[in-house]
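Below is query_29.txt, which holds compact mmCIF, C-alpha atoms and all ligand atoms.
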# COMPACT_ATOMS: atom_id res chain seq x y z
CA MET A 63 0.00 0.00 0.00
CA PHE A 64 2.83 2.42 0.78
CA THR A 65 5.39 1.12 -1.70
CA GLN A 66 4.66 3.75 -4.37
CA SER A 67 5.58 6.59 -2.04
CA LEU A 68 8.74 4.80 -1.02
CA THR A 69 9.65 4.12 -4.65
CA ASN A 70 9.15 7.80 -5.47
CA LEU A 71 11.50 8.79 -2.69
CA GLN A 72 14.06 6.23 -3.79
CA GLU A 73 13.95 7.42 -7.40
CA ALA A 74 14.53 11.01 -6.31
CA TYR A 75 17.49 9.93 -4.14
CA LEU A 76 15.54 11.16 -1.16
CA LEU A 77 14.82 7.88 0.61
CA ARG A 78 16.17 7.90 4.15
CA THR A 79 17.19 4.90 6.17
CA LEU A 80 18.32 4.29 9.72
CA HIS A 81 21.94 3.43 10.52
CA ARG A 82 22.29 1.31 13.61
CA THR A 83 25.19 2.14 15.91
CA GLU A 84 26.42 -0.75 18.02
CA SER A 85 28.61 1.23 20.42
CA ALA A 86 28.47 4.28 22.69
CA GLN A 87 28.47 7.76 21.16
CA ASP A 88 32.15 8.62 20.87
CA ALA A 89 34.43 10.03 18.17
CA GLU A 90 34.59 6.49 16.80
CA ILE A 91 31.54 4.26 16.68
CA THR A 92 30.80 0.75 15.48
CA ILE A 93 28.37 0.18 12.60
CA LYS A 94 27.93 -3.33 11.19
CA GLY A 95 31.01 -4.39 13.11
CA LYS A 96 33.12 -1.73 11.41
CA THR A 97 34.87 1.17 13.16
CA ILE A 98 33.74 4.51 11.77
CA ILE A 99 34.89 8.04 12.61
CA LEU A 100 31.78 9.98 13.52
CA PHE A 101 31.12 13.39 11.96
CA SER A 102 27.37 13.48 12.31
CA SER A 103 26.77 13.87 16.01
CA ASN A 104 25.68 16.94 17.95
CA ASN A 105 27.61 15.56 20.93
CA TYR A 106 29.98 18.54 20.46
CA LEU A 107 31.77 18.29 23.79
CA GLY A 108 31.88 14.50 23.91
CA LEU A 109 29.71 14.37 27.05
CA ALA A 110 27.19 11.74 25.89
CA ASN A 111 29.41 8.89 27.09
CA HIS A 112 31.24 10.81 29.84
CA ARG A 113 31.95 8.91 33.06
CA LYS A 114 30.54 11.66 35.30
CA LEU A 115 27.22 11.80 33.44
CA LYS A 116 26.86 8.04 33.61
CA GLU A 117 27.69 7.95 37.31
CA ALA A 118 25.25 10.76 38.09
CA ALA A 119 22.48 8.96 36.21
CA ILE A 120 23.22 5.61 37.90
CA THR A 121 23.23 7.19 41.36
CA ALA A 122 19.91 8.89 40.60
CA ILE A 123 18.38 5.65 39.34
CA LYS A 124 19.47 3.86 42.54
CA GLN A 125 17.83 6.52 44.68
CA TYR A 126 14.76 7.49 42.66
CA GLY A 127 14.20 4.58 40.28
CA PHE A 128 13.87 4.99 36.56
CA GLY A 129 10.44 6.25 35.52
CA SER A 130 8.76 9.42 36.75
CA GLY A 131 5.34 7.76 36.63
CA ALA A 132 3.22 10.77 35.71
CA SER A 133 3.17 14.16 34.08
CA ARG A 134 4.87 17.05 35.82
CA LEU A 135 1.57 18.58 37.00
CA LEU A 136 0.48 15.33 38.61
CA SER A 137 3.08 13.48 40.67
CA GLY A 138 5.91 13.52 38.12
CA THR A 139 7.84 16.54 39.46
CA MET A 140 10.73 15.17 41.49
CA SER A 141 13.38 17.06 43.42
CA LEU A 142 15.96 16.51 40.68
CA HIS A 143 13.72 18.21 38.09
CA GLU A 144 13.53 21.26 40.32
CA GLN A 145 17.25 21.23 41.06
CA LEU A 146 17.99 21.19 37.36
CA GLU A 147 15.53 24.01 36.67
CA ALA A 148 17.10 26.20 39.37
CA ARG A 149 20.53 25.47 37.93
CA LEU A 150 19.39 26.26 34.38
CA ALA A 151 17.94 29.59 35.51
CA SER A 152 21.27 30.59 37.00
CA PHE A 153 23.09 29.24 33.94
CA ALA A 154 20.90 31.39 31.68
CA LYS A 155 20.97 34.31 34.15
CA THR A 156 17.17 34.45 34.22
CA ALA A 157 14.69 34.36 37.11
CA ALA A 158 13.35 30.90 36.30
CA ALA A 159 13.52 27.95 33.91
CA LEU A 160 11.38 25.00 32.90
CA THR A 161 12.51 21.73 31.33
CA PHE A 162 10.74 19.87 28.54
CA ASN A 163 11.14 16.30 27.27
CA SER A 164 12.82 17.52 24.09
CA GLY A 165 13.56 20.62 22.09
CA TYR A 166 10.63 19.71 19.88
CA HIS A 167 8.32 19.77 22.92
CA ALA A 168 9.86 23.01 24.17
CA ASN A 169 9.28 24.82 20.89
CA LEU A 170 5.70 23.55 20.60
CA GLY A 171 4.85 24.66 24.13
CA LEU A 172 6.71 27.96 24.11
CA ILE A 173 5.39 29.17 20.76
CA GLN A 174 1.85 28.09 21.59
CA THR A 175 2.00 30.02 24.86
CA LEU A 176 3.60 33.16 23.41
CA VAL A 177 1.18 33.30 20.48
CA GLU A 178 -1.84 32.86 22.77
CA GLU A 179 -0.64 35.93 24.66
CA LEU A 180 -0.16 37.92 21.47
CA GLN A 181 -3.45 36.92 19.80
CA PRO A 182 -5.70 38.12 18.25
CA HIS A 183 -3.86 39.55 15.24
CA CYS A 184 -0.57 37.92 16.01
CA LEU A 185 2.00 37.79 13.24
CA VAL A 186 4.91 35.37 13.42
CA LEU A 187 8.02 36.01 11.33
CA ALA A 188 10.51 33.21 10.92
CA ASP A 189 13.83 32.78 9.13
CA ARG A 190 13.42 30.45 6.18
CA ALA A 191 16.05 28.07 7.55
CA CYS A 192 14.31 27.60 10.91
CA HIS A 193 14.18 24.06 12.29
CA ALA A 194 11.08 21.95 11.58
CA SER A 195 10.08 22.02 15.25
CA LEU A 196 9.76 25.81 15.10
CA ILE A 197 7.80 25.72 11.87
CA ASP A 198 5.49 22.97 13.14
CA ALA A 199 4.93 24.90 16.36
CA ILE A 200 3.98 28.05 14.44
CA ARG A 201 1.66 26.13 12.11
CA LEU A 202 -0.13 24.56 15.06
CA THR A 203 -1.05 28.00 16.34
CA LYS A 204 -3.45 29.74 14.00
CA ALA A 205 -1.22 32.80 13.80
CA ARG A 206 -0.32 34.32 10.47
CA LEU A 207 3.19 33.33 9.39
CA LYS A 208 5.61 35.25 7.19
CA VAL A 209 8.88 33.60 6.28
CA TYR A 210 11.85 35.83 5.45
CA GLN A 211 14.94 34.84 3.46
CA HIS A 212 17.71 33.30 5.51
CA GLN A 213 19.43 35.99 7.64
CA ASN A 214 17.78 38.78 5.62
CA THR A 215 17.21 41.40 8.32
CA GLU A 216 16.32 44.08 5.74
CA GLN A 217 13.43 41.96 4.51
CA LEU A 218 12.41 41.27 8.10
CA GLU A 219 12.37 45.00 8.81
CA ARG A 220 10.21 45.65 5.73
CA LEU A 221 7.77 42.91 6.70
CA LEU A 222 7.56 44.27 10.21
CA SER A 223 6.88 47.80 9.06
CA THR A 224 4.21 46.79 6.52
CA HIS A 225 2.45 44.18 8.62
CA ALA A 226 3.25 44.72 12.27
CA VAL A 227 3.32 48.52 12.41
CA THR A 228 0.64 49.48 9.88
CA GLU A 229 -1.75 46.69 10.75
CA ALA A 230 -0.98 47.09 14.45
CA ARG A 231 -0.25 43.44 14.90
CA ASN A 232 1.63 41.97 17.81
CA SER A 233 4.51 40.09 16.40
CA LEU A 234 6.90 37.36 17.30
CA VAL A 235 10.22 36.91 15.50
CA VAL A 236 11.59 33.37 15.51
CA THR A 237 15.17 32.48 14.71
CA GLU A 238 18.00 30.15 15.68
CA GLY A 239 21.21 31.16 17.41
CA VAL A 240 23.35 28.83 15.30
CA PHE A 241 21.60 27.47 12.21
CA SER A 242 21.64 23.71 12.26
CA MET A 243 22.23 23.05 8.56
CA ASP A 244 24.32 26.08 7.52
CA GLY A 245 26.31 26.55 10.73
CA ASP A 246 26.04 30.34 10.54
CA ILE A 247 25.13 32.56 13.48
CA THR A 248 22.22 34.99 13.61
CA PRO A 249 23.53 38.57 13.92
CA LEU A 250 21.48 39.19 17.05
CA PRO A 251 22.52 42.84 17.61
CA LYS A 252 21.38 43.71 14.07
CA LEU A 253 18.17 41.72 14.55
CA LEU A 254 17.41 43.57 17.79
CA THR A 255 17.83 46.97 16.13
CA CYS A 256 15.56 45.93 13.30
CA ILE A 257 12.72 44.71 15.53
CA GLU A 258 12.95 47.64 17.96
CA LYS A 259 10.46 49.90 16.19
CA SER A 260 7.72 47.30 16.05
CA SER A 261 8.42 46.09 19.61
CA ALA A 262 8.21 42.52 18.37
CA MET A 263 8.98 39.69 20.74
CA LEU A 264 12.09 37.65 19.93
CA LEU A 265 12.57 33.92 20.32
CA VAL A 266 16.04 32.48 19.78
CA ASP A 267 16.27 28.69 19.57
CA ASP A 268 19.81 27.99 20.70
CA ALA A 269 19.89 24.21 20.33
CA HIS A 270 23.32 24.34 18.65
CA GLY A 271 24.65 27.32 20.60
CA ILE A 272 24.36 26.05 24.18
CA GLY A 273 27.69 24.64 25.34
CA VAL A 274 29.39 25.77 22.14
CA MET A 275 29.08 29.56 21.77
CA GLY A 276 30.02 32.33 24.17
CA SER A 277 33.04 32.74 26.41
CA THR A 278 31.62 30.31 28.99
CA GLY A 279 29.41 28.19 26.71
CA ARG A 280 26.16 29.91 27.64
CA GLY A 281 25.28 30.18 23.99
CA THR A 282 24.76 32.65 21.19
CA ILE A 283 23.22 35.29 23.42
CA GLU A 284 26.37 35.27 25.56
CA HIS A 285 28.48 35.35 22.39
CA PHE A 286 26.93 38.73 21.56
CA ASP A 287 26.85 39.85 25.20
CA LEU A 288 23.09 40.38 25.05
CA GLU A 289 22.08 38.54 28.19
CA THR A 290 20.27 41.54 29.62
CA LYS A 291 18.57 42.42 26.32
CA ILE A 292 16.96 39.10 25.35
CA PRO A 293 14.68 37.91 28.14
CA ILE A 294 13.56 34.52 26.74
CA ARG A 295 15.97 31.64 26.03
CA MET A 296 15.36 28.22 24.60
CA GLY A 297 18.10 25.64 24.57
CA THR A 298 18.43 21.89 24.38
CA LEU A 299 20.23 19.40 26.58
CA GLY A 300 20.60 16.60 24.02
CA LYS A 301 23.31 18.19 21.90
CA ALA A 302 26.46 19.73 23.44
CA LEU A 303 25.30 18.72 26.91
CA GLY A 304 25.11 15.06 25.92
CA CYS A 305 21.78 14.35 27.66
CA VAL A 306 18.22 14.65 26.40
CA GLY A 307 15.49 17.27 26.83
CA ALA A 308 15.38 21.02 26.63
CA PHE A 309 14.64 24.15 28.61
CA VAL A 310 13.04 27.53 28.42
CA ALA A 311 14.57 30.16 30.68
CA GLY A 312 13.01 33.54 31.33
CA PRO A 313 11.04 35.69 33.73
CA HIS A 314 9.13 34.03 36.53
CA ASP A 315 5.68 34.86 35.11
CA LEU A 316 6.53 33.32 31.72
CA ILE A 317 7.60 30.08 33.38
CA GLN A 318 4.42 29.99 35.48
CA LEU A 319 2.35 30.57 32.36
CA LEU A 320 4.12 27.74 30.53
CA ILE A 321 3.34 25.39 33.42
CA ASN A 322 -0.31 26.36 33.04
CA ARG A 323 -0.65 26.53 29.28
CA ALA A 324 2.04 24.68 27.36
CA ARG A 325 0.31 21.53 26.17
CA SER A 326 3.57 19.77 25.33
CA PHE A 327 4.62 20.27 28.95
CA ILE A 328 1.29 19.38 30.56
CA TYR A 329 0.17 16.35 28.57
CA THR A 330 3.25 14.18 28.64
CA THR A 331 5.01 11.99 31.18
CA ALA A 332 7.82 13.78 33.00
CA PRO A 333 11.29 12.70 31.90
CA PRO A 334 13.07 10.24 34.23
CA PRO A 335 14.78 11.94 37.19
CA ALA A 336 18.11 10.45 36.04
CA PHE A 337 18.01 12.74 33.02
CA ALA A 338 18.15 15.73 35.36
CA ALA A 339 21.04 14.24 37.33
CA ALA A 340 23.01 13.74 34.12
CA ALA A 341 22.22 17.27 32.93
CA LEU A 342 23.39 18.72 36.25
CA ALA A 343 26.67 16.82 35.86
CA ALA A 344 27.01 18.10 32.28
CA LEU A 345 26.54 21.71 33.41
CA THR A 346 29.26 21.23 36.02
CA ILE A 347 31.66 19.90 33.39
CA LEU A 348 30.80 22.83 31.12
CA GLU A 349 31.70 25.24 33.92
CA THR A 350 34.82 23.50 35.18
CA GLU A 351 36.41 22.21 31.95
CA PRO A 352 36.57 25.11 29.48
CA GLU A 353 39.34 23.20 27.69
CA ARG A 354 36.68 20.97 26.13
CA ARG A 355 35.16 23.91 24.31
CA GLU A 356 38.62 25.15 23.35
CA LYS A 357 39.46 21.75 21.85
CA LEU A 358 36.17 21.71 19.96
CA TRP A 359 36.99 25.07 18.38
CA TRP A 360 40.57 24.05 17.65
CA ASN A 361 39.32 20.93 15.84
CA ARG A 362 36.75 22.98 13.99
CA ASP A 363 39.27 25.58 12.78
CA TYR A 364 41.69 22.85 11.71
CA MET A 365 39.09 20.91 9.74
CA LEU A 366 37.54 23.99 8.16
CA SER A 367 40.79 25.54 6.96
CA ASN A 368 41.92 22.23 5.45
CA LEU A 369 38.57 21.61 3.72
CA LYS A 370 38.79 25.10 2.24
CA SER A 371 42.34 24.52 1.00
CA LEU A 372 41.15 21.32 -0.66
CA GLY A 373 38.74 23.54 -2.59
CA TYR A 374 35.42 22.70 -0.93
CA ASN A 375 32.59 25.18 -0.62
CA THR A 376 31.86 25.33 3.11
CA MET A 377 29.23 28.07 2.77
CA HIS A 378 29.29 30.71 5.55
CA THR A 379 29.74 28.56 8.60
CA GLU A 380 30.79 30.23 11.83
CA SER A 381 30.38 27.21 14.11
CA PRO A 382 31.47 23.56 14.54
CA ILE A 383 28.83 22.61 11.94
CA LEU A 384 30.70 22.43 8.62
CA PRO A 385 28.50 22.13 5.54
CA VAL A 386 30.17 20.93 2.34
CA LEU A 387 27.97 22.13 -0.49
CA ILE A 388 27.47 19.66 -3.37
CA GLY A 389 24.10 20.72 -4.82
CA ASP A 390 22.63 17.64 -6.37
CA PRO A 391 21.10 14.98 -4.04
CA SER A 392 22.37 11.93 -5.94
CA ARG A 393 25.98 13.12 -5.95
CA THR A 394 25.73 14.12 -2.33
CA LEU A 395 24.48 10.67 -1.45
CA GLN A 396 27.24 9.06 -3.49
CA PHE A 397 29.82 11.22 -1.74
CA SER A 398 28.51 10.23 1.67
CA GLN A 399 28.44 6.53 0.71
CA ARG A 400 32.03 6.58 -0.54
CA LEU A 401 33.18 8.28 2.65
CA PHE A 402 31.35 5.64 4.63
CA ALA A 403 33.07 2.85 2.72
CA ARG A 404 36.35 4.36 3.92
CA GLY A 405 35.27 4.67 7.53
CA ILE A 406 33.91 8.22 7.69
CA TYR A 407 30.34 9.00 8.71
CA ALA A 408 29.28 12.40 7.33
CA PRO A 409 25.62 12.39 6.35
CA ALA A 410 24.10 13.62 3.10
CA ILE A 411 21.59 16.36 3.88
CA ARG A 412 18.96 16.65 1.18
CA PRO A 413 15.57 18.29 0.63
CA PRO A 414 13.24 18.81 2.42
CA THR A 415 15.74 19.41 5.22
CA VAL A 416 17.55 21.95 3.03
CA PRO A 417 16.32 23.88 -0.05
CA ARG A 418 16.52 22.24 -3.49
CA GLY A 419 19.88 22.54 -5.18
CA THR A 420 21.71 22.89 -1.88
CA SER A 421 22.22 19.24 -0.94
CA ARG A 422 25.32 18.99 1.15
CA LEU A 423 27.41 16.91 3.44
CA ARG A 424 27.22 18.06 7.00
CA ILE A 425 30.29 17.56 9.14
CA SER A 426 29.83 18.05 12.88
CA MET A 427 32.99 18.53 14.86
CA MET A 428 33.56 17.24 18.38
CA ALA A 429 36.04 18.07 21.14
CA THR A 430 36.90 14.38 21.30
CA HIS A 431 38.14 14.01 17.72
CA GLN A 432 41.87 13.26 17.67
CA GLN A 433 44.07 15.09 15.19
CA SER A 434 45.03 11.76 13.60
CA GLN A 435 41.33 11.10 12.93
CA LEU A 436 40.98 14.52 11.31
CA ASP A 437 44.05 13.97 9.16
CA TYR A 438 42.75 10.60 8.01
CA ALA A 439 39.34 12.15 7.24
CA LEU A 440 40.95 14.94 5.22
CA ASP A 441 42.88 12.39 3.13
CA VAL A 442 39.63 10.58 2.40
CA PHE A 443 37.85 13.85 1.57
CA ARG A 444 40.62 14.67 -0.91
CA ASP A 445 40.46 11.24 -2.62
CA VAL A 446 36.67 10.98 -2.77
CA GLY A 447 36.18 14.62 -3.80
CA ARG A 448 38.63 14.17 -6.67
CA SER A 449 37.15 10.86 -7.79
CA LEU A 450 33.71 12.47 -8.01
CA GLY A 451 35.06 15.61 -9.70
CA ILE A 452 33.88 17.87 -6.87
CA ILE A 453 37.34 19.27 -6.25
CA ALA A 454 40.28 19.55 -8.62
C1 LIG B 501 17.73 19.58 17.46
C2 LIG B 501 16.94 20.83 17.40
C3 LIG B 501 15.71 20.95 18.04
C4 LIG B 501 15.03 19.79 18.67
O1 LIG B 501 15.63 19.45 19.87
P1 LIG B 501 15.44 17.94 20.40
O2 LIG B 501 15.82 18.03 21.82
O3 LIG B 501 16.36 17.11 19.60
O4 LIG B 501 14.01 17.60 20.19
C5 LIG B 501 15.08 22.17 18.02
N1 LIG B 501 15.61 23.23 17.37
C6 LIG B 501 16.78 23.13 16.71
C7 LIG B 501 17.32 24.32 16.03
C8 LIG B 501 17.47 21.93 16.70
O5 LIG B 501 18.62 21.83 16.03
Would you write out, as structure tokens, the structure that this file holds?
Ligand SMILES: *Cc1c(COP(=O)(O)O)cnc(C)c1O
Amino acid sequence: MFTQSLTNLQEAYLLRTLHRTESAQDAEITIKGKTIILFSSNNYLGLANHRKLKEAAITAIKQYGFGSGASRLLSGTMSLHEQLEARLASFAKTAAALTFNSGYHANLGLIQTLVEELQPHCLVLADRACHASLIDAIRLTKARLKVYQHQNTEQLERLLSTHAVTEARNSLVVTEGVFSMDGDITPLPKLLTCIEKSSAMLLVDDAHGIGVMGSTGRGTIEHFDLETKIPIRMGTLGKALGCVGAFVAGPHDLIQLLINRARSFIYTTAPPPAFAAAALAALTILETEPERREKLWWNRDYMLSNLKSLGYNTMHTESPILPVLIGDPSRTLQFSQRLFARGIYAPAIRPPTVPRGTSRLRISMMATHQQSQLDYALDVFRDVGRSLGIIA
């Protein structure tokens, strides 16, 4: 019954399949018994398999068991959830914070709640490259949505002045701190100036910025030193922090409102308390081992400069996400498969995740990559790129 759709995907080189990993999430993983160097993980700081996170989770399981048994508003709020939320508030330098089961849940609940406050006549403006969870969240509200070209603050300003100012709409601007497929950073100071006149609300999804950006890893808002200017933060715990889940940090009344309104917070079982114990351990490592972030950035600079000298188009990345633009989905897939055959896992990113004609490989750097692994990968990139005629 569903084979036609699958065949269509296959013929367009857009069929996706799962790749089973048989080992822990480290710089090298095992797939089908073979050792592969991993370049597709958001485990930027290498915390996912860190001894201290594992120990914290095991200790929590011994004391509190595994499951939370109910939603947060029933009996599912345990002391570890609250400890983590207090810690996240101080991490984000806000009055309060609330955790969600995932970044997807956080975006659904936060956008729903913000739009309900801004309705009727709410206008949402989102960067074209925004993550699917943001777009889905906006679509679920009945608010009007205008999408602006990626990073085009002039267009955003025009849209705000025609729609928000003249039609007297309340508006919400949605963007990412670090864009997950391009690796570029939103110029937040410029964005703030451009939304000032319309007094639009700003939501920055910093899934890829937390733990990576800023002088102490507090994210893109810290990177631009705007912690007092942007009151609402959203970040995830499953990427650089190596755990699972997400948080919204902000003023006390916003957090109380989320507890009362956000459906993705209310109508779901609370995450296991051990998740909070692991996240607390991850935050401690982030604060006490800045050398992890330094190593991540060293690895990133090394890989990026060498990919550029090989002649690859790495777009405008400013982060440890290194896109390698190929264009056509079939060649991108072929590239990724040849890398894989030589022990490198760098996924082919194709539409609908990225716009047509911009299929690319996406290399994610980690603090735990060894230089010898990077040198090996660069040799393979040179050979495969030449054999496919992508580089000279
Ligand atoms: C990964 C990601 C999310 C979703 O977070 P999960 O915790 O994985 O559900 C949301 N927004 C962006 C920009 C992301 O990259």
Residues within 12 Å of (6.9, 31.0, 35.0), file coords, all atoms listed in the file, listed as a PyMOL selection string: chain A and resi 147+151+156-161+172+175+294+310-324
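Distances from A:Gln66, A:Met140, A:Ile98, A:Ala338 to His81 (chain A) were compared using only C-alpha atoms, and the smallest one belongs to A:Ile98.
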For CA of Ile99 (chain A) and CA of Thr298 (chain A), the interatomic separation in Å (one decimal): 24.5 Å
Residues within 9 Å of ligand LIG 501 (chain B), counting only C-alpha atoms and all ligand atoms, as a PyMOL selection string: chain A and resi 104+162-169+192-196+237-243+267-270+296-301+306-308
d(CA of Ile452 (chain A), CA of Leu372 (chain A)) in Å: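 We find that CA of Ile452 (chain A) and CA of Leu372 (chain A) lie 10.2 Å from each other.
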Given all atoms listed in the file as the counted atoms, nearest of A:Lys357, A:Ala336, A:Leu185, A:Arg295 to Lys124 (chain A): A:Ala336
Shell of 12 Å around Asn111 (chain A), only C-alpha atoms, local chain residues under 2 positions omitted, as a count of residues only: 26
Nearest to Ile200 (chain A) by atom-to-atom distance, counting only C-alpha atoms, from A:Glu178, A:Glu73, A:Asp363, A:Glu351: A:Glu178
d(CA of Ser67 (chain A), CA of Arg400 (chain A)) in Å: 26.5 Å
Any chance you could build region 429-437 of chain A out to all heavy atoms and write it as an mmCIF file, keeping the file's coordinate frame?
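The resulting file, part.cif, is shown below:
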data_model
loop_
_atom_site.group_PDB
_atom_site.id
_atom_site.type_symbol
_atom_site.label_atom_id
_atom_site.label_comp_id
_atom_site.auth_asym_id
_atom_site.auth_seq_id
_atom_site.Cartn_x
_atom_site.Cartn_y
_atom_site.Cartn_z
ATOM 1 N N ALA A 429 34.819 17.834 20.351
ATOM 2 C CA ALA A 429 36.040 18.070 21.140
ATOM 3 C C ALA A 429 36.868 16.796 21.219
ATOM 4 O O ALA A 429 38.087 16.855 21.406
ATOM 5 C CB ALA A 429 35.656 18.537 22.530
ATOM 6 N N THR A 430 36.220 15.653 21.086
ATOM 7 C CA THR A 430 36.900 14.380 21.300
ATOM 8 C C THR A 430 37.530 13.787 20.032
ATOM 9 O O THR A 430 38.116 12.713 20.091
ATOM 10 C CB THR A 430 35.910 13.360 21.906
ATOM 11 O OG1 THR A 430 34.668 13.477 21.200
ATOM 12 C CG2 THR A 430 35.670 13.638 23.371
ATOM 13 N N HIS A 431 37.411 14.481 18.899
ATOM 14 C CA HIS A 431 38.140 14.010 17.720
ATOM 15 C C HIS A 431 39.635 14.178 17.952
ATOM 16 O O HIS A 431 40.081 15.230 18.426
ATOM 17 C CB HIS A 431 37.762 14.835 16.466
ATOM 18 C CG HIS A 431 36.428 14.482 15.880
ATOM 19 N ND1 HIS A 431 35.472 15.421 15.560
ATOM 20 C CD2 HIS A 431 35.897 13.284 15.528
ATOM 21 C CE1 HIS A 431 34.409 14.820 15.042
ATOM 22 N NE2 HIS A 431 34.638 13.521 15.018
ATOM 23 N N GLN A 432 40.418 13.156 17.589
ATOM 24 C CA GLN A 432 41.870 13.260 17.670
ATOM 25 C C GLN A 432 42.391 13.836 16.362
ATOM 26 O O GLN A 432 41.780 13.618 15.307
ATOM 27 C CB GLN A 432 42.487 11.850 17.832
ATOM 28 C CG GLN A 432 41.918 11.033 18.970
ATOM 29 C CD GLN A 432 42.401 11.539 20.320
ATOM 30 O OE1 GLN A 432 43.559 11.921 20.447
ATOM 31 N NE2 GLN A 432 41.508 11.571 21.291
ATOM 32 N N GLN A 433 43.535 14.497 16.428
ATOM 33 C CA GLN A 433 44.070 15.090 15.190
ATOM 34 C C GLN A 433 44.335 14.021 14.135
ATOM 35 O O GLN A 433 44.122 14.244 12.942
ATOM 36 C CB GLN A 433 45.334 15.898 15.456
ATOM 37 C CG GLN A 433 45.640 16.791 14.251
ATOM 38 C CD GLN A 433 46.909 17.587 14.408
ATOM 39 O OE1 GLN A 433 47.384 17.791 15.516
ATOM 40 N NE2 GLN A 433 47.464 18.035 13.297
ATOM 41 N N SER A 434 44.761 12.819 14.571
ATOM 42 C CA SER A 434 45.030 11.760 13.600
ATOM 43 C C SER A 434 43.741 11.361 12.862
ATOM 44 O O SER A 434 43.776 11.037 11.670
ATOM 45 C CB SER A 434 45.636 10.542 14.302
ATOM 46 O OG SER A 434 44.759 10.104 15.321
ATOM 47 N N GLN A 435 42.608 11.424 13.574
ATOM 48 C CA GLN A 435 41.330 11.100 12.930
ATOM 49 C C GLN A 435 40.981 12.187 11.900
ATOM 50 O O GLN A 435 40.465 11.889 10.816
ATOM 51 C CB GLN A 435 40.218 10.993 13.979
ATOM 52 C CG GLN A 435 40.416 9.809 14.923
ATOM 53 C CD GLN A 435 39.465 9.839 16.109
ATOM 54 O OE1 GLN A 435 39.110 10.896 16.624
ATOM 55 N NE2 GLN A 435 39.049 8.660 16.551
ATOM 56 N N LEU A 436 41.277 13.427 12.241
ATOM 57 C CA LEU A 436 40.980 14.520 11.310
ATOM 58 C C LEU A 436 41.877 14.419 10.076
ATOM 59 O O LEU A 436 41.406 14.606 8.947
ATOM 60 C CB LEU A 436 41.160 15.879 11.993
ATOM 61 C CG LEU A 436 40.331 16.105 13.273
ATOM 62 C CD1 LEU A 436 40.481 17.539 13.758
ATOM 63 C CD2 LEU A 436 38.860 15.766 13.049
ATOM 64 N N ASP A 437 43.131 14.093 10.299
ATOM 65 C CA ASP A 437 44.050 13.970 9.160
ATOM 66 C C ASP A 437 43.630 12.835 8.234
ATOM 67 O O ASP A 437 43.650 12.980 7.014
ATOM 68 C CB ASP A 437 45.496 13.763 9.653
ATOM 69 C CG ASP A 437 46.071 15.038 10.244
ATOM 70 O OD1 ASP A 437 45.628 16.138 9.836
ATOM 71 O OD2 ASP A 437 46.943 14.946 11.127
#
